[in-house]
Amino acid sequence: MSRFWTGQSSSSESGSSSDDSSVSDSSAEKNQGPNKRGWYDLSDSDDSSEEERVAKSAKERTFESLEASIAQIKNAMKIRDFVTIQASYQNLMQTVSSPKTKAIIAANGGIPRFFVKLLCNLQDYITERKKDKASFKKLSPSQGRALNRMGNNMRKENKPYEKLMKEYRENPDAVGDSDSDSDSDSEGSAKVSAKSSSSSSSSSSNSDSDSDDDSDSDKDSGSGSDSDSDSSKSSSSSSSSSDSDSASSKADDDDSEVDWDASSSSSSSDDDSDAPTGGVVLKGRARWLKRTPDTTKDSGKRKKKNVKEDEKVKVADEDEETSPKEDLKEKEEEWTAAVLNKKCMELVSSRGRRGTDTKAVLKKLENLSRLSEKFGPRIEVPILMHVITAQFDTIRTLDDFMETASWKTCMERLNRVADVLEDGDDDAKKYQLCTASAEDDDLMIGNVLAKKKDSKMKDAAGVGELGALEAVAADKQLVNPHTGEVETEDERAERLRVEKEANMTEEELRMIPVAGSLSLFVTRLDEEYFKGLKRISPHSIDYVHHLRHEGSLVDLITKIRQYFIRVDSEAEAAELSLLKLEHLYYCHDNIADQLNIIGKDTDSAQLMTDLCTFVYQHGTDRSKTRAMMCQIYHHALHDRFLEARDLLLMSHLQDNISNVGDVNTMILFNRMMVNLGLAAFRLGKIWDAHQCLSDICSGRVRELLAQGITTGRYAGDKSVEEEKAEKRRQIPYHLHINIDLLEACHLISAMLLEVPNMAAAAGRAGSRKSRIFSRQFRKHMESFNRQVFAGPPEQTRDYIMCASKALKNGDWKKCADFLAGLEVWQLLPGENESQKINEMLVEKVKVEGLRTYLFKYSSHYDSLSLGQLCGMFELSKNEVHSIVSKMMFNGDLLASWENETIVLKKIEPSTLQVLALQFAEKAANLVESNERLLDAKSGRHAFEMMDIGRVINSEAIVRDVEEDTVADLKAVAEDEDAAQDLEAVGTKAETGVLGPNSSQYITGVELW
């Protein structure tokens, strides 16, 4: 005990405690002075309302914390509050497992016995509650979860104390248990401990308590008189303080020597000076109490209680001894095929029920599948199919996906089924799957129990009331009709199964009745594979590990496809062929060889052709459409542009894709068109590349290709369900088409077409209206030209805009350098593809640079030398001659050849000629639109309900326009004064009013 508490103790009597305290205070003030008052001088007299300060040892505080948690657990056990039990149990275990508590426990004799008793009782209680299924179903969800978690937590947390728990169960009435019983009967045990500790500390240290001062003075000094002098008071106080110090030191020694496994009544001390006059030595905690507790009270009740608990523990131990895991495994090994089927059907029947743990069902089915291997395919395959179904049941929502390890396990089981079906050299002797019938289900379940109940009710019919009840309650014995011996239900079920198989033919034995469709399982496995790729981060190593399984998945699809072809199931085989196509179409031969998807000696083009042909013959409309797109994509990926283009035009996919109604198929169509445009660009077909890429690249590219989702203000008004559906439609990362590469090909194609066109329009302004090839390119070009300061290019678009500006000025070398500096060419598959692209771009830039130069600067020359142009653009004479001649023939360049010199003609058209050209162009456009109406008359574009009268009017319009055009041109040739009339005719053509046929023309325009 602390010596600082003894400074305020006195040896006064009980009647003069207040006077003594005041005298001691005054003497203390005199001795220490006004500036040396200690912290103990802040205490008031007995009539103060403040609480008494109590000093407790670390052991006492630890005891109180443990007893408080134990009391909470016991109260919660009485009212079956499992949530509180779980929380208090976790708090208790955290307290015991803390390093500080472990040190205190180790220094005071080890784990307390009352703690071990609580663990044993709580374990029995939780086990009993979990066995009571009726009460468990009535629990709330939170209480049920808490009960289940308590069982799991106790198995883990009680492992360090298993030896102590076993010793307690063997001898629960050992010495030291009475104290734990008395301390843990109710919540008041913690209060008793607190009171005892407070009284012991106050009797030895607190001078503000009158009764404690009196008791200390009676025991230590033995004097009942009061002294009036200061010397006597000081001597008495000093003597009492010395005695109290000695008592406190001995008490501390007792605390350090206490064995926690023994009760407080058995703790001893060598100091007998404090023993009462009765001769009874009080030890431990009883020594410091005001009143000796009656330890013999209620001993009979506790003894009976211990006997009952001992019986429960023995029963639990017997149950544990009779059902260990080793014995259970031995029993499982002795199960017959009928027992396995019965157990399997019992588990399958629990699917979908409320409260069923799907993972537990899956684990049990996996154990049954392991045991079924020794009984052959007829038992193993149906159980495997149920295991696969249970594994798919673990996926609850559309957004959940199967983990890689679980997915791989499911694929291995399907591979096992495929190996069983393909085992053997003769197709006639191989196994086949069939749908399980009701008779097979009854046989698998072993429907003996139901028949037994029916027979018992029939036996009870017609018997008296007492006899009927006895007949129903009696257990009827099952007798083997062949041997006359008594058999169990499982034995009868196995016998019936064997007899049925003995009566089957070889063909019937090769038929395995199963529940579920093998093709649907493979399709679901393929979906889970892609869902896993979507959910896993593409930049992690897990994505690569999951992607490596694609070769194994393709092999599995091939095996099961061959099985369905063998059993003449073309529809399922066609669906599996489409699945295989969707795993092969996007792989270049170089990548496919690395991933080992196709095979080293297999021709990918021929394999794609065979699979697509099979789908065209036996697949659905959707399957045929997707197979056609996959084949076109594969052709374009390997630069077979002409074959891909011919398939696209013959299939009319571009005309019918809007009527498909399947968003995923539309996404595949967009991917196919983009890849077709990239193939045309790689081959130098700039016009075709621009036509394929313009529609996709002019809008939201990522959404059209399912490679991203637009967020923010550009997302539009989308509901939550629409956003979720759009996320599900996203394709995996390894299928993405690089957006920068796509943008580069599109903008370069537009540049090579639009820059010469813009130069021609600027060089001959007012002569004719220029045609716009790419509005998006012009928009980017205008935005780039409006920049006040243009820094060095950073992005792909900046490089192309700088190259366009250089090409427009006639500097083809600078343009080629900008285009060759793009890093996106390294993303093209194939060997030396980037080098081939750079060479192609240089040649195209030379040609378009020459055309742009002639369009822009031809008005400044009278003649141009062929050799000079060849030197400027590093082209051969034949190439330059061909380009210039083509421009002359198309009317783009007004010039003529004189040997190797280009003679330019500076003849500007007159106003009449300009108007005539404008009129002719508009008339040609009108004729073209009416020709389209005439094509619609044939019904090739689904205009079968066209009004015949309107078509006749369109034909009349064509004739009128042709006649008016010829007449006006003749008038212009004869007399230049007819210019005004021709201009008026041109104005009428613009407004759509052509004399008497104006109404018919308006009708034709509205129709178109």
# chains A, B, ... in the order shown; residues from 1 in each chain; ligands from 1

$ residues_around --residues "segment 845-848 of chain A" --least-positions-apart "6" --cutoff "7 Å" --atoms "only C-alpha atoms" --output "list of chain:residue names"
A:Leu752, A:Pro756, A:Trp812, A:Ala816, A:Phe873

$ write_last_selection --atoms "all heavy atoms" --output "CSV table (one decimal), in the first residue's frame"
chain,number,residue,atom,x,y,z
A,752,LEU,N,-5.9,13.5,-96.2
A,752,LEU,CA,-5.4,13.2,-97.6
A,752,LEU,C,-6.6,13.5,-98.6
A,752,LEU,O,-6.3,13.7,-99.8
A,752,LEU,CB,-5.0,11.8,-97.7
A,752,LEU,CG,-3.7,11.4,-96.9
A,752,LEU,CD1,-3.4,10.0,-97.0
A,752,LEU,CD2,-2.5,12.3,-97.3
A,756,PRO,N,-6.4,18.6,-100.4
A,756,PRO,CA,-6.5,19.0,-101.8
A,756,PRO,C,-7.8,19.6,-102.2
A,756,PRO,O,-7.8,20.5,-103.0
A,756,PRO,CB,-6.2,17.6,-102.5
A,756,PRO,CG,-5.5,16.8,-101.6
A,756,PRO,CD,-6.1,17.2,-100.2
A,812,TRP,N,5.6,18.7,-98.3
A,812,TRP,CA,5.2,17.3,-98.1
A,812,TRP,C,6.2,16.6,-97.2
A,812,TRP,O,5.9,15.7,-96.5
A,812,TRP,CB,5.1,16.6,-99.4
A,812,TRP,CG,6.4,16.4,-100.1
A,812,TRP,CD1,7.0,17.3,-101.0
A,812,TRP,CD2,7.3,15.3,-100.0
A,812,TRP,NE1,8.2,16.8,-101.5
A,812,TRP,CE2,8.4,15.6,-100.9
A,812,TRP,CE3,7.3,14.2,-99.2
A,812,TRP,CZ2,9.5,14.7,-101.0
A,812,TRP,CZ3,8.4,13.3,-99.4
A,812,TRP,CH2,9.5,13.6,-100.2
A,816,ALA,N,5.3,14.5,-93.9
A,816,ALA,CA,5.6,13.1,-93.7
A,816,ALA,C,6.4,12.9,-92.4
A,816,ALA,O,6.2,11.8,-91.8
A,816,ALA,CB,6.5,12.6,-94.9
A,873,PHE,N,8.9,16.5,-105.7
A,873,PHE,CA,8.1,15.6,-105.0
A,873,PHE,C,8.7,14.2,-105.0
A,873,PHE,O,8.1,13.3,-104.5
A,873,PHE,CB,6.7,15.6,-105.5
A,873,PHE,CG,6.0,16.9,-105.3
A,873,PHE,CD1,5.9,17.8,-106.3
A,873,PHE,CD2,5.4,17.1,-104.1
A,873,PHE,CE1,5.2,19.0,-106.1
A,873,PHE,CE2,4.7,18.3,-103.9
A,873,PHE,CZ,4.6,19.3,-104.9

$ residues_around --residues "Leu581 of chain A" --least-positions-apart "3" --cutoff "8 Å" --atoms "only C-alpha atoms" --output "VMD selection string"
chain A and resid 577 to 578 584 to 585 608 611 to 612 627 630

$ write_last_selection --atoms "N, CA and C atoms" --output "PDB file, in the first residue's frame"
ATOM      1  N   SER A 577     -20.227 -23.569 -81.641  1.00  0.00           N
ATOM      2  CA  SER A 577     -19.355 -23.072 -82.712  1.00  0.00           C
ATOM      3  C   SER A 577     -19.271 -21.555 -82.676  1.00  0.00           C
ATOM      4  N   LEU A 578     -20.393 -20.907 -82.395  1.00  0.00           N
ATOM      5  CA  LEU A 578     -20.380 -19.448 -82.273  1.00  0.00           C
ATOM      6  C   LEU A 578     -19.535 -19.003 -81.077  1.00  0.00           C
ATOM      7  N   LEU A 584     -11.983 -16.596 -81.161  1.00  0.00           N
ATOM      8  CA  LEU A 584     -10.921 -16.664 -82.162  1.00  0.00           C
ATOM      9  C   LEU A 584     -10.871 -15.462 -83.084  1.00  0.00           C
ATOM     10  N   TYR A 585     -11.991 -14.776 -83.299  1.00  0.00           N
ATOM     11  CA  TYR A 585     -12.076 -13.811 -84.394  1.00  0.00           C
ATOM     12  C   TYR A 585     -11.168 -12.606 -84.173  1.00  0.00           C
ATOM     13  N   MET A 608     -11.838 -20.686 -89.315  1.00  0.00           N
ATOM     14  CA  MET A 608     -12.949 -19.736 -89.225  1.00  0.00           C
ATOM     15  C   MET A 608     -14.001 -20.022 -90.290  1.00  0.00           C
ATOM     16  N   LEU A 611     -16.066 -23.167 -89.193  1.00  0.00           N
ATOM     17  CA  LEU A 611     -16.993 -22.877 -88.103  1.00  0.00           C
ATOM     18  C   LEU A 611     -18.160 -22.021 -88.587  1.00  0.00           C
ATOM     19  N   CYS A 612     -17.868 -21.000 -89.386  1.00  0.00           N
ATOM     20  CA  CYS A 612     -18.938 -20.130 -89.890  1.00  0.00           C
ATOM     21  C   CYS A 612     -19.890 -20.895 -90.807  1.00  0.00           C
ATOM     22  N   ALA A 627     -21.840 -14.670 -86.645  1.00  0.00           N
ATOM     23  CA  ALA A 627     -20.782 -15.442 -87.292  1.00  0.00           C
ATOM     24  C   ALA A 627     -20.247 -14.711 -88.520  1.00  0.00           C
ATOM     25  N   CYS A 630     -17.989 -11.930 -87.330  1.00  0.00           N
ATOM     26  CA  CYS A 630     -16.709 -12.453 -86.851  1.00  0.00           C
ATOM     27  C   CYS A 630     -15.787 -12.818 -88.011  1.00  0.00           C
TER      28      CYS A 630
END

$ closest_residue --among "A:Leu556, A:Val479, A:Leu742, A:Val83" --to "Arg416 of chain A" --atoms "only C-alpha atoms"
A:Leu556

$ atom_distance --atom1 "atom CA of Val755 of chain A" --atom2 "atom CA of Lys805 of chain A"
8.7 Å

$ closest_residue --among "A:Ile597, A:Leu66, A:Leu904, A:Met411" --to "Pro112 of chain A" --atoms "only C-alpha atoms"
A:Leu66

$ residues_around --residues "Met150 of chain A" --least-positions-apart "5" --cutoff "12 Å" --atoms "only C-alpha atoms" --output "list in words"
Asp81, Phe82, Val83, Thr84, Ile85, Gln86, Ala87, Ser88, Tyr89, Gln90, Leu119, Leu122, Gln123, Asp124, Tyr125, Ile126, Thr127, Arg129, Lys130, Gln143, Gly144, Arg145, Arg155, Lys156, Glu157 and Asn158 of chain A

$ closest_residue --among "A:His746, A:Arg729, A:Lys343, A:Arg566" --to "Ile686 of chain A" --atoms "only C-alpha atoms"
A:His746

$ atom_distance --atom1 "atom CA of Asn590 of chain A" --atom2 "atom CA of Asn675 of chain A"
17.1 Å

$ atom_distance --atom1 "atom CA of Ala689 of chain A" --atom2 "atom CA of Arg645 of chain A"
11.4 Å

$ closest_residue --among "A:Leu579, A:Leu854, A:Ile104, A:Val927" --to "Leu553 of chain A" --atoms "only C-alpha atoms"
A:Leu579

$ residues_around --residues "Asp393 of chain A" --least-positions-apart "2" --cutoff "12 Å" --atoms "only C-alpha atoms" --output "PyMOL selection string"
chain A and resi 348+351-352+356-362+386-391+395-398+400-402+524

$ residues_around --residues "Phe818 of chain A" --least-positions-apart "5" --cutoff "12 Å" --atoms "only C-alpha atoms" --output "PyMOL selection string"
chain A and resi 744+748+792-807+811-813+823+838+841-842+845

$ write_last_selection --atoms "N, CA, C and O atoms" --output "short mmCIF file (atom, residue, chain, number, x, y, z; two decimals), in the first residue's frame"
data_model
loop_
_atom_site.label_atom_id
_atom_site.label_comp_id
_atom_site.auth_asym_id
_atom_site.auth_seq_id
_atom_site.Cartn_x
_atom_site.Cartn_y
_atom_site.Cartn_z
N ALA A 744 -6.13 8.44 -85.37
CA ALA A 744 -5.06 8.77 -86.31
C ALA A 744 -5.41 8.32 -87.72
O ALA A 744 -5.25 9.09 -88.69
N ILE A 748 -6.03 11.10 -90.69
CA ILE A 748 -5.09 11.08 -91.80
C ILE A 748 -5.83 10.81 -93.12
O ILE A 748 -5.53 11.43 -94.15
N PRO A 792 4.54 23.07 -79.70
CA PRO A 792 4.88 21.78 -80.34
C PRO A 792 3.76 20.77 -80.12
O PRO A 792 3.10 20.77 -79.07
N PRO A 793 3.54 19.88 -81.07
CA PRO A 793 2.44 18.90 -80.93
C PRO A 793 2.71 17.91 -79.81
O PRO A 793 3.85 17.49 -79.58
N GLU A 794 1.64 17.56 -79.11
CA GLU A 794 1.74 16.61 -78.00
C GLU A 794 0.88 15.38 -78.24
O GLU A 794 1.33 14.26 -78.08
N GLN A 795 -0.38 15.62 -78.62
CA GLN A 795 -1.30 14.51 -78.84
C GLN A 795 -1.32 14.12 -80.31
O GLN A 795 -0.74 14.80 -81.17
N THR A 796 -2.00 13.00 -80.58
CA THR A 796 -2.08 12.50 -81.95
C THR A 796 -2.77 13.50 -82.86
O THR A 796 -2.32 13.74 -84.00
N ARG A 797 -3.82 14.12 -82.38
CA ARG A 797 -4.54 15.09 -83.19
C ARG A 797 -3.66 16.30 -83.52
O ARG A 797 -3.71 16.84 -84.64
N ASP A 798 -2.84 16.74 -82.57
CA ASP A 798 -1.96 17.88 -82.83
C ASP A 798 -0.95 17.56 -83.92
O ASP A 798 -0.66 18.40 -84.79
N TYR A 799 -0.40 16.36 -83.90
CA TYR A 799 0.55 15.98 -84.95
C TYR A 799 -0.13 16.01 -86.33
O TYR A 799 0.46 16.49 -87.32
N ILE A 800 -1.34 15.52 -86.41
CA ILE A 800 -2.02 15.46 -87.71
C ILE A 800 -2.40 16.86 -88.18
O ILE A 800 -2.33 17.18 -89.38
N MET A 801 -2.80 17.73 -87.26
CA MET A 801 -3.12 19.09 -87.67
C MET A 801 -1.88 19.84 -88.17
O MET A 801 -1.95 20.58 -89.16
N CYS A 802 -0.76 19.64 -87.52
CA CYS A 802 0.49 20.25 -88.00
C CYS A 802 0.87 19.69 -89.36
O CYS A 802 1.33 20.43 -90.26
N ALA A 803 0.68 18.37 -89.55
CA ALA A 803 0.97 17.78 -90.85
C ALA A 803 0.02 18.32 -91.92
O ALA A 803 0.44 18.56 -93.07
N SER A 804 -1.23 18.54 -91.57
CA SER A 804 -2.20 19.08 -92.54
C SER A 804 -1.81 20.50 -92.95
O SER A 804 -1.92 20.87 -94.14
N LYS A 805 -1.38 21.28 -92.00
CA LYS A 805 -0.97 22.65 -92.32
C LYS A 805 0.25 22.66 -93.24
O LYS A 805 0.32 23.46 -94.20
N ALA A 806 1.20 21.75 -92.97
CA ALA A 806 2.37 21.67 -93.85
C ALA A 806 1.99 21.18 -95.24
O ALA A 806 2.51 21.69 -96.25
N LEU A 807 1.10 20.23 -95.34
CA LEU A 807 0.67 19.73 -96.65
C LEU A 807 -0.09 20.80 -97.43
O LEU A 807 0.03 20.90 -98.66
N ASP A 811 4.53 21.64 -98.37
CA ASP A 811 5.73 21.06 -97.76
C ASP A 811 5.43 19.61 -97.38
O ASP A 811 5.07 19.30 -96.25
N TRP A 812 5.60 18.72 -98.34
CA TRP A 812 5.22 17.33 -98.10
C TRP A 812 6.23 16.62 -97.18
O TRP A 812 5.87 15.68 -96.47
N LYS A 813 7.50 17.04 -97.19
CA LYS A 813 8.49 16.39 -96.34
C LYS A 813 8.19 16.63 -94.86
O LYS A 813 8.27 15.71 -94.04
N GLU A 823 3.49 7.52 -82.43
CA GLU A 823 3.83 6.28 -81.73
C GLU A 823 2.76 5.21 -81.87
O GLU A 823 3.00 4.06 -81.49
N ASN A 838 4.61 3.60 -92.55
CA ASN A 838 5.37 4.83 -92.82
C ASN A 838 5.69 4.95 -94.31
O ASN A 838 5.60 6.04 -94.89
N LEU A 841 2.47 5.94 -96.12
CA LEU A 841 2.09 7.32 -95.87
C LEU A 841 2.97 8.30 -96.65
O LEU A 841 2.49 9.32 -97.16
N VAL A 842 4.25 7.99 -96.78
CA VAL A 842 5.14 8.87 -97.55
C VAL A 842 4.70 8.94 -99.00
O VAL A 842 4.66 10.03 -99.61
N VAL A 845 1.45 10.95 -99.22
CA VAL A 845 1.69 12.38 -98.98
C VAL A 845 2.33 13.02 -100.20
O VAL A 845 2.02 14.17 -100.56
#
